[in-house]
>>> print(open('protein_38.pdb').read())   # PDB, C-alpha atoms, pLDDT in the B column
ATOM      1  CA  LYS T   1      18.766   7.408 -30.456  1.00 72.00           C
ATOM      2  CA  SER T   2      19.085  10.505 -28.264  1.00 79.00           C
ATOM      3  CA  LYS T   3      15.854   9.519 -26.446  1.00 75.00           C
ATOM      4  CA  ASP T   4      16.886   5.883 -25.993  1.00 76.00           C
ATOM      5  CA  ASN T   5      17.415   6.106 -22.214  1.00 80.00           C
ATOM      6  CA  TRP T   6      14.172   8.032 -21.728  1.00 79.00           C
ATOM      7  CA  ILE T   7      12.210   5.423 -23.701  1.00 73.00           C
ATOM      8  CA  LYS T   8      13.749   2.568 -21.692  1.00 68.00           C
ATOM      9  CA  SER T   9      12.919   4.275 -18.385  1.00 70.00           C
ATOM     10  CA  LYS T  10       9.295   4.880 -19.470  1.00 65.00           C
ATOM     11  CA  LEU T  11       8.895   1.261 -20.587  1.00 64.00           C
ATOM     12  CA  GLU T  12      10.295   0.052 -17.281  1.00 63.00           C
ATOM     13  CA  GLU T  13       7.989   2.434 -15.368  1.00 60.00           C
ATOM     14  CA  ASN T  14       4.943   1.170 -17.295  1.00 54.00           C
ATOM     15  CA  SER T  15       5.830  -2.474 -16.674  1.00 48.00           C
ATOM     16  CA  LYS T  16       6.116  -1.751 -12.928  1.00 48.00           C
ATOM     17  CA  ASN T  17       2.683  -0.107 -12.962  1.00 48.00           C
ATOM     18  CA  PHE T  18       1.205  -3.077 -14.786  1.00 42.00           C
ATOM     19  CA  LYS T  19       2.648  -5.500 -12.235  1.00 44.00           C
ATOM     20  CA  LYS T  20       1.469  -3.288  -9.394  1.00 48.00           C
ATOM     21  CA  ARG T  21      -2.101  -3.499 -10.712  1.00 47.00           C
ATOM     22  CA  ASP T  22      -2.095  -7.285 -10.863  1.00 50.00           C
ATOM     23  CA  PHE T  23      -4.078  -8.724  -7.991  1.00 54.00           C
ATOM     24  CA  VAL T  24      -1.254 -10.466  -6.182  1.00 55.00           C
ATOM     25  CA  TYR T  25       2.032  -8.618  -6.393  1.00 54.00           C
ATOM     26  CA  LYS T  26       5.041 -10.640  -5.229  1.00 62.00           C
ATOM     27  CA  ASP T  27       2.760 -12.752  -2.997  1.00 82.00           C
ATOM     28  CA  LEU T  28       1.465  -9.738  -1.070  1.00 86.00           C
ATOM     29  CA  ILE T  29      -1.998  -8.253  -0.750  1.00 89.00           C
ATOM     30  CA  TYR T  30      -3.390  -5.408   1.297  1.00 90.00           C
ATOM     31  CA  PHE T  31      -5.980  -6.038   3.993  1.00 94.00           C
ATOM     32  CA  LYS T  32      -7.356  -3.059   5.927  1.00 95.00           C
ATOM     33  CA  GLY T  33      -4.389  -1.059   4.696  1.00 91.00           C
ATOM     34  CA  GLU T  34      -1.701  -3.471   5.885  1.00 91.00           C
ATOM     35  CA  LYS T  35       0.584  -5.632   3.787  1.00 90.00           C
ATOM     36  CA  ILE T  36      -0.312  -9.286   4.177  1.00 93.00           C
ATOM     37  CA  LYS T  37       2.048 -12.007   2.987  1.00 94.00           C
ATOM     38  CA  ILE T  38       0.464 -14.897   1.116  1.00 93.00           C
ATOM     39  CA  LYS T  39       1.609 -18.423   1.876  1.00 93.00           C
ATOM     40  CA  ILE T  40       0.309 -21.241  -0.319  1.00 90.00           C
ATOM     41  CA  ASN T  41      -0.101 -24.625   1.362  1.00 90.00           C
ATOM     42  CA  LYS T  42      -0.886 -27.799  -0.547  1.00 89.00           C
ATOM     43  CA  SER T  43      -4.054 -29.360   0.854  1.00 88.00           C
ATOM     44  CA  SER T  44      -7.092 -31.308  -0.289  1.00 86.00           C
ATOM     45  CA  ASN T  45      -9.297 -28.951   1.773  1.00 87.00           C
ATOM     46  CA  GLN T  46      -9.728 -25.436   0.432  1.00 88.00           C
ATOM     47  CA  GLN T  47      -9.374 -22.917   3.256  1.00 91.00           C
ATOM     48  CA  VAL T  48      -7.978 -19.435   3.953  1.00 94.00           C
ATOM     49  CA  VAL T  49      -6.686 -18.459   7.392  1.00 95.00           C
ATOM     50  CA  LEU T  50      -5.148 -15.131   8.391  1.00 95.00           C
ATOM     51  CA  VAL T  51      -2.595 -15.400  11.213  1.00 94.00           C
ATOM     52  CA  ASN T  52      -0.064 -12.708  12.197  1.00 93.00           C
ATOM     53  CA  LYS T  53      -0.195 -10.854   8.857  1.00 93.00           C
ATOM     54  CA  VAL T  54       0.213 -14.080   6.887  1.00 95.00           C
ATOM     55  CA  LEU T  55      -2.649 -15.274   4.717  1.00 95.00           C
ATOM     56  CA  ASN T  56      -2.410 -19.060   4.647  1.00 94.00           C
ATOM     57  CA  VAL T  57      -4.153 -20.354   1.538  1.00 93.00           C
ATOM     58  CA  TYR T  58      -4.812 -24.079   1.577  1.00 92.00           C
ATOM     59  CA  CYS T  59      -5.692 -25.585  -1.794  1.00 88.00           C
ATOM     60  CA  ASN T  60      -4.921 -28.537  -4.021  1.00 86.00           C
ATOM     61  CA  ASN T  61      -4.460 -26.497  -7.207  1.00 82.00           C
ATOM     62  CA  ILE T  62      -2.181 -23.457  -6.987  1.00 76.00           C
ATOM     63  CA  SER T  63      -3.649 -22.011 -10.186  1.00 78.00           C
ATOM     64  CA  ASN T  64      -6.847 -21.358  -8.168  1.00 81.00           C
ATOM     65  CA  LYS T  65      -4.923 -19.148  -5.707  1.00 85.00           C
ATOM     66  CA  LYS T  66      -6.226 -15.838  -7.063  1.00 85.00           C
ATOM     67  CA  ARG T  67      -9.870 -16.950  -7.147  1.00 88.00           C
ATOM     68  CA  ILE T  68      -9.654 -18.352  -3.607  1.00 91.00           C
ATOM     69  CA  ILE T  69      -8.087 -15.158  -2.240  1.00 92.00           C
ATOM     70  CA  ILE T  70     -10.675 -12.940  -3.960  1.00 91.00           C
ATOM     71  CA  GLU T  71     -13.479 -15.100  -2.574  1.00 93.00           C
ATOM     72  CA  TRP T  72     -11.999 -14.761   0.930  1.00 95.00           C
ATOM     73  CA  LEU T  73     -11.577 -10.975   0.565  1.00 95.00           C
ATOM     74  CA  LYS T  74     -15.173 -10.601  -0.631  1.00 96.00           C
ATOM     75  CA  ASN T  75     -16.492 -12.580   2.358  1.00 96.00           C
ATOM     76  CA  GLU T  76     -14.362 -10.597   4.801  1.00 97.00           C
ATOM     77  CA  SER T  77     -15.389  -7.366   3.129  1.00 97.00           C
ATOM     78  CA  ASP T  78     -19.098  -8.197   3.291  1.00 97.00           C
ATOM     79  CA  PHE T  79     -18.945  -8.923   7.006  1.00 97.00           C
ATOM     80  CA  PHE T  80     -16.628  -6.032   7.897  1.00 98.00           C
ATOM     81  CA  LEU T  81     -18.276  -3.299   5.789  1.00 98.00           C
ATOM     82  CA  LYS T  82     -21.803  -4.121   6.933  1.00 98.00           C
ATOM     83  CA  ASN T  83     -20.793  -4.104  10.587  1.00 98.00           C
ATOM     84  CA  ARG T  84     -18.644  -1.003  10.190  1.00 98.00           C
ATOM     85  CA  THR T  85     -21.503   0.871   8.483  1.00 98.00           C
ATOM     86  CA  LYS T  86     -23.847  -0.089  11.316  1.00 98.00           C
ATOM     87  CA  LEU T  87     -21.355   1.157  13.914  1.00 98.00           C
ATOM     88  CA  ILE T  88     -20.580   4.434  12.120  1.00 98.00           C
ATOM     89  CA  SER T  89     -24.263   5.065  11.447  1.00 98.00           C
ATOM     90  CA  LYS T  90     -25.014   4.913  15.165  1.00 98.00           C
ATOM     91  CA  LYS T  91     -21.975   7.025  15.997  1.00 97.00           C
ATOM     92  CA  ILE T  92     -22.861   9.849  13.573  1.00 97.00           C
ATOM     93  CA  SER T  93     -26.657   9.507  13.935  1.00 97.00           C
ATOM     94  CA  ILE T  94     -27.517   8.938  10.282  1.00 97.00           C
ATOM     95  CA  LYS T  95     -29.862   6.041   9.558  1.00 97.00           C
ATOM     96  CA  TYR T  96     -29.870   4.043   6.327  1.00 97.00           C
ATOM     97  CA  SER T  97     -32.148   1.281   5.067  1.00 97.00           C
ATOM     98  CA  SER T  98     -29.614  -1.387   3.991  1.00 98.00           C
ATOM     99  CA  VAL T  99     -26.002  -2.057   2.994  1.00 98.00           C
ATOM    100  CA  HIS T 100     -24.935  -4.135   0.024  1.00 98.00           C
ATOM    101  CA  VAL T 101     -21.360  -5.062  -0.878  1.00 97.00           C
ATOM    102  CA  LYS T 102     -20.743  -5.351  -4.618  1.00 95.00           C
ATOM    103  CA  SER T 103     -18.045  -5.285  -7.284  1.00 92.00           C
ATOM    104  CA  TYR T 104     -17.476  -1.973  -9.011  1.00 91.00           C
ATOM    105  CA  ARG T 105     -14.772  -1.046 -11.485  1.00 87.00           C
ATOM    106  CA  SER T 106     -14.786   2.696 -10.965  1.00 88.00           C
ATOM    107  CA  ARG T 107     -16.556   3.630  -7.743  1.00 93.00           C
ATOM    108  CA  TRP T 108     -16.124   3.019  -4.051  1.00 96.00           C
ATOM    109  CA  GLY T 109     -19.764   3.273  -3.150  1.00 96.00           C
ATOM    110  CA  CYS T 110     -23.108   4.883  -3.792  1.00 96.00           C
ATOM    111  CA  CYS T 111     -26.376   5.622  -2.059  1.00 97.00           C
ATOM    112  CA  ASP T 112     -29.805   5.587  -3.649  1.00 96.00           C
ATOM    113  CA  ASN T 113     -32.889   7.661  -2.836  1.00 95.00           C
ATOM    114  CA  LYS T 114     -34.251   4.853  -0.617  1.00 96.00           C
ATOM    115  CA  GLY T 115     -31.285   5.063   1.761  1.00 96.00           C
ATOM    116  CA  ARG T 116     -29.671   1.882   0.471  1.00 97.00           C
ATOM    117  CA  ILE T 117     -25.894   2.000   0.569  1.00 98.00           C
ATOM    118  CA  PHE T 118     -23.749   0.053  -1.882  1.00 98.00           C
ATOM    119  CA  LEU T 119     -20.024  -0.402  -1.146  1.00 98.00           C
ATOM    120  CA  ASN T 120     -17.204  -1.844  -3.237  1.00 97.00           C
ATOM    121  CA  TRP T 121     -15.694  -4.998  -1.726  1.00 96.00           C
ATOM    122  CA  LYS T 122     -12.205  -3.715  -2.658  1.00 95.00           C
ATOM    123  CA  LEU T 123     -12.502  -1.154   0.146  1.00 96.00           C
ATOM    124  CA  ILE T 124     -11.259  -3.926   2.459  1.00 96.00           C
ATOM    125  CA  MET T 125      -7.764  -3.303   1.052  1.00 94.00           C
ATOM    126  CA  CYS T 126      -7.755   0.385   2.057  1.00 95.00           C
ATOM    127  CA  PRO T 127      -6.697   1.715   5.465  1.00 95.00           C
ATOM    128  CA  GLN T 128      -9.546   1.757   7.985  1.00 96.00           C
ATOM    129  CA  ASN T 129      -9.717   5.565   8.163  1.00 96.00           C
ATOM    130  CA  VAL T 130     -10.242   5.625   4.375  1.00 97.00           C
ATOM    131  CA  ILE T 131     -12.909   2.917   4.625  1.00 98.00           C
ATOM    132  CA  ASP T 132     -14.635   4.975   7.332  1.00 98.00           C
ATOM    133  CA  TYR T 133     -14.491   8.072   5.120  1.00 98.00           C
ATOM    134  CA  VAL T 134     -16.223   6.269   2.236  1.00 98.00           C
ATOM    135  CA  ILE T 135     -18.906   4.956   4.599  1.00 98.00           C
ATOM    136  CA  ILE T 136     -19.438   8.449   6.085  1.00 98.00           C
ATOM    137  CA  HIS T 137     -19.551   9.882   2.558  1.00 98.00           C
ATOM    138  CA  GLU T 138     -22.316   7.472   1.559  1.00 98.00           C
ATOM    139  CA  LEU T 139     -24.211   7.929   4.826  1.00 98.00           C
ATOM    140  CA  ALA T 140     -24.109  11.712   4.249  1.00 98.00           C
ATOM    141  CA  HIS T 141     -25.833  11.080   0.909  1.00 97.00           C
ATOM    142  CA  VAL T 142     -28.799   9.661   2.825  1.00 97.00           C
ATOM    143  CA  ARG T 143     -29.395  13.232   4.034  1.00 97.00           C
ATOM    144  CA  VAL T 144     -27.978  15.186   1.083  1.00 97.00           C
ATOM    145  CA  PRO T 145     -28.234  13.433  -2.302  1.00 95.00           C
ATOM    146  CA  ASN T 146     -25.678  15.656  -4.064  1.00 96.00           C
ATOM    147  CA  HIS T 147     -22.175  17.072  -3.617  1.00 96.00           C
ATOM    148  CA  SER T 148     -23.208  20.578  -2.576  1.00 97.00           C
ATOM    149  CA  ARG T 149     -21.431  22.696   0.018  1.00 97.00           C
ATOM    150  CA  PHE T 150     -24.011  21.477   2.572  1.00 97.00           C
ATOM    151  CA  PHE T 151     -23.033  17.872   1.771  1.00 97.00           C
ATOM    152  CA  TRP T 152     -19.281  18.497   2.206  1.00 97.00           C
ATOM    153  CA  ASN T 153     -19.905  20.417   5.426  1.00 97.00           C
ATOM    154  CA  LEU T 154     -21.802  17.400   6.758  1.00 97.00           C
ATOM    155  CA  VAL T 155     -18.995  15.029   5.725  1.00 97.00           C
ATOM    156  CA  GLU T 156     -16.409  17.280   7.393  1.00 97.00           C
ATOM    157  CA  GLN T 157     -18.514  17.482  10.555  1.00 97.00           C
ATOM    158  CA  LYS T 158     -18.639  13.670  10.746  1.00 97.00           C
ATOM    159  CA  ASP T 159     -15.028  13.095   9.557  1.00 96.00           C
ATOM    160  CA  PRO T 160     -12.693  16.049  10.252  1.00 94.00           C
ATOM    161  CA  ASP T 161      -9.878  14.239   8.344  1.00 94.00           C
ATOM    162  CA  PHE T 162     -12.008  13.698   5.248  1.00 95.00           C
ATOM    163  CA  ASN T 163      -9.665  15.736   3.006  1.00 95.00           C
ATOM    164  CA  HIS T 164      -6.706  13.533   3.967  1.00 96.00           C
ATOM    165  CA  ASN T 165      -8.742  10.371   3.324  1.00 96.00           C
ATOM    166  CA  LYS T 166     -10.170  11.710   0.067  1.00 95.00           C
ATOM    167  CA  ASN T 167      -6.630  12.561  -1.112  1.00 94.00           C
ATOM    168  CA  TRP T 168      -5.405   9.091  -0.137  1.00 94.00           C
ATOM    169  CA  LEU T 169      -8.060   7.621  -2.436  1.00 93.00           C
ATOM    170  CA  ARG T 170      -7.070   9.982  -5.248  1.00 91.00           C
ATOM    171  CA  GLN T 171      -3.416   8.994  -4.938  1.00 90.00           C
ATOM    172  CA  ASN T 172      -3.783   5.261  -4.258  1.00 88.00           C
ATOM    173  CA  GLY T 173      -7.315   4.260  -5.124  1.00 87.00           C
ATOM    174  CA  ALA T 174      -6.720   3.512  -8.811  1.00 85.00           C
ATOM    175  CA  ASP T 175      -4.173   0.849  -7.899  1.00 82.00           C
ATOM    176  CA  ILE T 176      -6.771  -0.936  -5.789  1.00 85.00           C
ATOM    177  CA  ILE T 177     -10.011  -0.373  -7.682  1.00 82.00           C
ATOM    178  CA  GLY T 178      -8.394  -1.381 -10.969  1.00 74.00           C
ATOM    179  CA  LEU T 179      -7.064  -4.680  -9.664  1.00 66.00           C
ATOM    180  CA  ASN T 180      -7.535  -7.696 -11.874  1.00 56.00           C
TER     181      ASN T 180
END
>>> encode(input="protein_38.pdb", output="structure tokens")
Amino acid sequence: KSKDNWIKSKLEENSKNFKKRDFVYKDLIYFKGEKIKIKINKSSNQQVVLVNKVLNVYCNNISNKKRIIIEWLKNESDFFLKNRTKLISKKISIKYSSVHVKSYRSRWGCCDNKGRIFLNWKLIMCPQNVIDYVIIHELAHVRVPNHSRFFWNLVEQKDPDFNHNKNWLRQNGADIIGLN
């Protein structure tokens, strides 16, 4: 009985965290680090259009809303991350062989020994500087396939704010990567 208030506060805190991890929280999503309001429009044609920080989702069955939004985010992510990797690669003078955008539950990206880079589509919800950090991190692995001091020096040389971006992922990344 003496811990009653503490227990209630912890239960409330846990329910907030659970809701926060659901894909659409109060009809908002994040896109390139910005809050985007979701507006559902009844339509026989399925379509998603982003205008002035409002994601207009046109569909005939509202229960498909989540699937439609995820599909749109994956398409946007594929286009954006591939182009962004190409641009950053040229800027920092590190070549790679290919970029693939995939679904991961616990990682933001990886690089194999053939110079292929794999990025998590959920990166599209992070701020652009964080996205750039992950891309630079994976491009650095093309040259240094480990997390040695030489690797981190290379990352810092290419992204002087890497510690800030790395910390942002530590603090906020679980809420994005664990989305349902």
>>> residues_near_point(input="protein_38.pdb", point="(-10.8, -1.7, -0.4)", cutoff="9 Å", atoms="only C-alpha atoms", output="CSV table (one decimal) with C-alpha atoms, keeping the file's coordinate frame")
chain,number,residue,atom,x,y,z
T,30,TYR,CA,-3.4,-5.4,1.3
T,31,PHE,CA,-6.0,-6.0,4.0
T,32,LYS,CA,-7.4,-3.1,5.9
T,33,GLY,CA,-4.4,-1.1,4.7
T,77,SER,CA,-15.4,-7.4,3.1
T,108,TRP,CA,-16.1,3.0,-4.1
T,120,ASN,CA,-17.2,-1.8,-3.2
T,121,TRP,CA,-15.7,-5.0,-1.7
T,122,LYS,CA,-12.2,-3.7,-2.7
T,123,LEU,CA,-12.5,-1.2,0.1
T,124,ILE,CA,-11.3,-3.9,2.5
T,125,MET,CA,-7.8,-3.3,1.1
T,126,CYS,CA,-7.8,0.4,2.1
T,127,PRO,CA,-6.7,1.7,5.5
T,130,VAL,CA,-10.2,5.6,4.4
T,131,ILE,CA,-12.9,2.9,4.6
T,173,GLY,CA,-7.3,4.3,-5.1
T,176,ILE,CA,-6.8,-0.9,-5.8
T,177,ILE,CA,-10.0,-0.4,-7.7
>>> axis_aligned_box(input="protein_38.pdb", around="stretch 132-148 of chain T", padding_each_side="8 Å", output="AutoDock Vina command-line options")
--center_x -21.9 --center_y 12.8 --center_z 1.6 --size_x 30.9 --size_y 31.6 --size_z 27.4
>>> residues_around(input="protein_38.pdb", residues="T:Cys59", least_positions_apart="3", cutoff="8 Å", atoms="only C-alpha atoms", output="PyMOL selection string")
chain T and resi 40-47+62+64-65
>>> resolve_selection(input="protein_38.pdb", expression="the PyMOL selection byres ((chain T and resi 92) around 10)", output="number ranges by chain")
T: 87-91, 93-95, 136, 139-140, 157-159
>>> atom_distance(input="protein_38.pdb", atom1="atom CA of T:Asn113", atom2="atom CA of T:His141")
8.7 Å
>>> atom_distance(input="protein_38.pdb", atom1="atom CA of T:Asp112", atom2="atom CA of T:Glu138")
9.3 Å
>>> atom_distance(input="protein_38.pdb", atom1="atom CA of T:Lys35", atom2="atom CA of T:Val49")
15.2 Å
>>> residues_around(input="protein_38.pdb", residues="T:Lys166", least_positions_apart="3", cutoff="8 Å", atoms="only C-alpha atoms", output="list in words")
Val130, Tyr133, Phe162, Asn163, Leu169 and Arg170 of chain T
>>> residues_around(input="protein_38.pdb", residues="T:Val142", least_positions_apart="5", cutoff="7 Å", atoms="all atoms listed in the file", output="PyMOL selection string")
chain T and resi 96+111+115
>>> closest_residue(input="protein_38.pdb", among="T:Leu28, T:Phe150, T:Val51, T:Val134", to="T:Arg84", atoms="only C-alpha atoms")
T:Val134
>>> build_atoms(input="protein_38.pdb", residues="stretch 25-36 of chain T", atoms="all heavy atoms", output="CSV table (one decimal), keeping the file's coordinate frame")
chain,number,residue,atom,x,y,z
T,25,TYR,N,0.7,-9.1,-6.0
T,25,TYR,CA,2.0,-8.6,-6.4
T,25,TYR,C,3.1,-9.2,-5.5
T,25,TYR,O,3.1,-8.8,-4.3
T,25,TYR,CB,2.0,-7.1,-6.4
T,25,TYR,CG,3.3,-6.5,-6.9
T,25,TYR,CD1,3.7,-6.7,-8.2
T,25,TYR,CD2,4.1,-5.7,-6.0
T,25,TYR,CE1,4.9,-6.1,-8.6
T,25,TYR,CE2,5.3,-5.1,-6.4
T,25,TYR,CZ,5.7,-5.3,-7.7
T,25,TYR,OH,6.8,-4.8,-8.2
T,26,LYS,N,4.0,-10.0,-6.0
T,26,LYS,CA,5.0,-10.6,-5.2
T,26,LYS,C,4.5,-11.3,-4.0
T,26,LYS,O,5.0,-11.2,-2.9
T,26,LYS,CB,6.1,-9.6,-4.9
T,26,LYS,CG,6.9,-9.1,-6.1
T,26,LYS,CD,8.0,-8.2,-5.7
T,26,LYS,CE,8.7,-7.8,-7.0
T,26,LYS,NZ,9.8,-6.9,-6.7
T,27,ASP,N,3.4,-12.0,-4.1
T,27,ASP,CA,2.8,-12.8,-3.0
T,27,ASP,C,2.4,-11.9,-1.8
T,27,ASP,O,2.5,-12.3,-0.7
T,27,ASP,CB,3.6,-13.9,-2.6
T,27,ASP,CG,3.7,-15.0,-3.6
T,27,ASP,OD1,2.6,-15.2,-4.3
T,27,ASP,OD2,4.7,-15.7,-3.8
T,28,LEU,N,2.0,-10.7,-2.1
T,28,LEU,CA,1.5,-9.7,-1.1
T,28,LEU,C,0.1,-9.2,-1.5
T,28,LEU,O,-0.2,-9.0,-2.7
T,28,LEU,CB,2.4,-8.5,-0.9
T,28,LEU,CG,3.8,-8.8,-0.3
T,28,LEU,CD1,4.6,-7.5,-0.4
T,28,LEU,CD2,3.6,-9.2,1.2
T,29,ILE,N,-0.8,-9.0,-0.5
T,29,ILE,CA,-2.0,-8.3,-0.8
T,29,ILE,C,-2.1,-7.2,0.4
T,29,ILE,O,-1.4,-7.3,1.4
T,29,ILE,CB,-3.3,-9.2,-0.8
T,29,ILE,CG1,-3.4,-9.9,0.5
T,29,ILE,CG2,-3.2,-10.1,-2.0
T,29,ILE,CD1,-4.8,-10.5,0.7
T,30,TYR,N,-3.1,-6.3,0.2
T,30,TYR,CA,-3.4,-5.4,1.3
T,30,TYR,C,-4.7,-5.8,1.9
T,30,TYR,O,-5.7,-6.2,1.2
T,30,TYR,CB,-3.5,-4.0,0.8
T,30,TYR,CG,-2.1,-3.4,0.5
T,30,TYR,CD1,-1.5,-3.6,-0.7
T,30,TYR,CD2,-1.4,-2.7,1.5
T,30,TYR,CE1,-0.2,-3.1,-1.0
T,30,TYR,CE2,-0.2,-2.2,1.3
T,30,TYR,CZ,0.4,-2.3,0.0
T,30,TYR,OH,1.7,-1.8,-0.2
T,31,PHE,N,-4.8,-5.7,3.2
T,31,PHE,CA,-6.0,-6.0,4.0
T,31,PHE,C,-6.1,-5.0,5.1
T,31,PHE,O,-5.2,-4.9,6.0
T,31,PHE,CB,-5.9,-7.4,4.6
T,31,PHE,CG,-7.1,-7.9,5.3
T,31,PHE,CD1,-8.3,-8.1,4.6
T,31,PHE,CD2,-7.2,-8.1,6.7
T,31,PHE,CE1,-9.5,-8.5,5.2
T,31,PHE,CE2,-8.3,-8.5,7.3
T,31,PHE,CZ,-9.5,-8.7,6.6
T,32,LYS,N,-7.1,-4.2,5.0
T,32,LYS,CA,-7.4,-3.1,5.9
T,32,LYS,C,-6.1,-2.2,6.0
T,32,LYS,O,-5.7,-1.7,7.0
T,32,LYS,CB,-7.8,-3.5,7.3
T,32,LYS,CG,-9.1,-4.3,7.3
T,32,LYS,CD,-9.4,-4.8,8.7
T,32,LYS,CE,-10.7,-5.6,8.7
T,32,LYS,NZ,-11.0,-6.2,10.0
T,33,GLY,N,-5.5,-2.0,4.8
T,33,GLY,CA,-4.4,-1.1,4.7
T,33,GLY,C,-3.0,-1.6,5.1
T,33,GLY,O,-2.0,-0.9,4.9
T,34,GLU,N,-3.0,-2.9,5.5
T,34,GLU,CA,-1.7,-3.5,5.9
T,34,GLU,C,-1.3,-4.5,4.9
T,34,GLU,O,-2.1,-5.2,4.3
T,34,GLU,CB,-1.8,-4.1,7.3
T,34,GLU,CG,-2.1,-3.1,8.4
T,34,GLU,CD,-2.0,-3.7,9.7
T,34,GLU,OE1,-1.2,-4.7,9.9
T,34,GLU,OE2,-2.8,-3.3,10.6
T,35,LYS,N,0.0,-4.6,4.7
T,35,LYS,CA,0.6,-5.6,3.8
T,35,LYS,C,0.4,-7.0,4.5
T,35,LYS,O,0.8,-7.2,5.6
T,35,LYS,CB,2.1,-5.4,3.5
T,35,LYS,CG,2.3,-4.3,2.5
T,35,LYS,CD,3.8,-4.2,2.2
T,35,LYS,CE,4.1,-3.0,1.3
T,35,LYS,NZ,5.5,-2.8,1.1
T,36,ILE,N,-0.1,-7.9,3.7
T,36,ILE,CA,-0.3,-9.3,4.2
T,36,ILE,C,0.4,-10.2,3.2
T,36,ILE,O,0.2,-10.2,2.0
T,36,ILE,CB,-1.8,-9.7,4.2
T,36,ILE,CG1,-2.6,-8.7,5.0
T,36,ILE,CG2,-2.0,-11.1,4.6
T,36,ILE,CD1,-2.3,-8.7,6.5
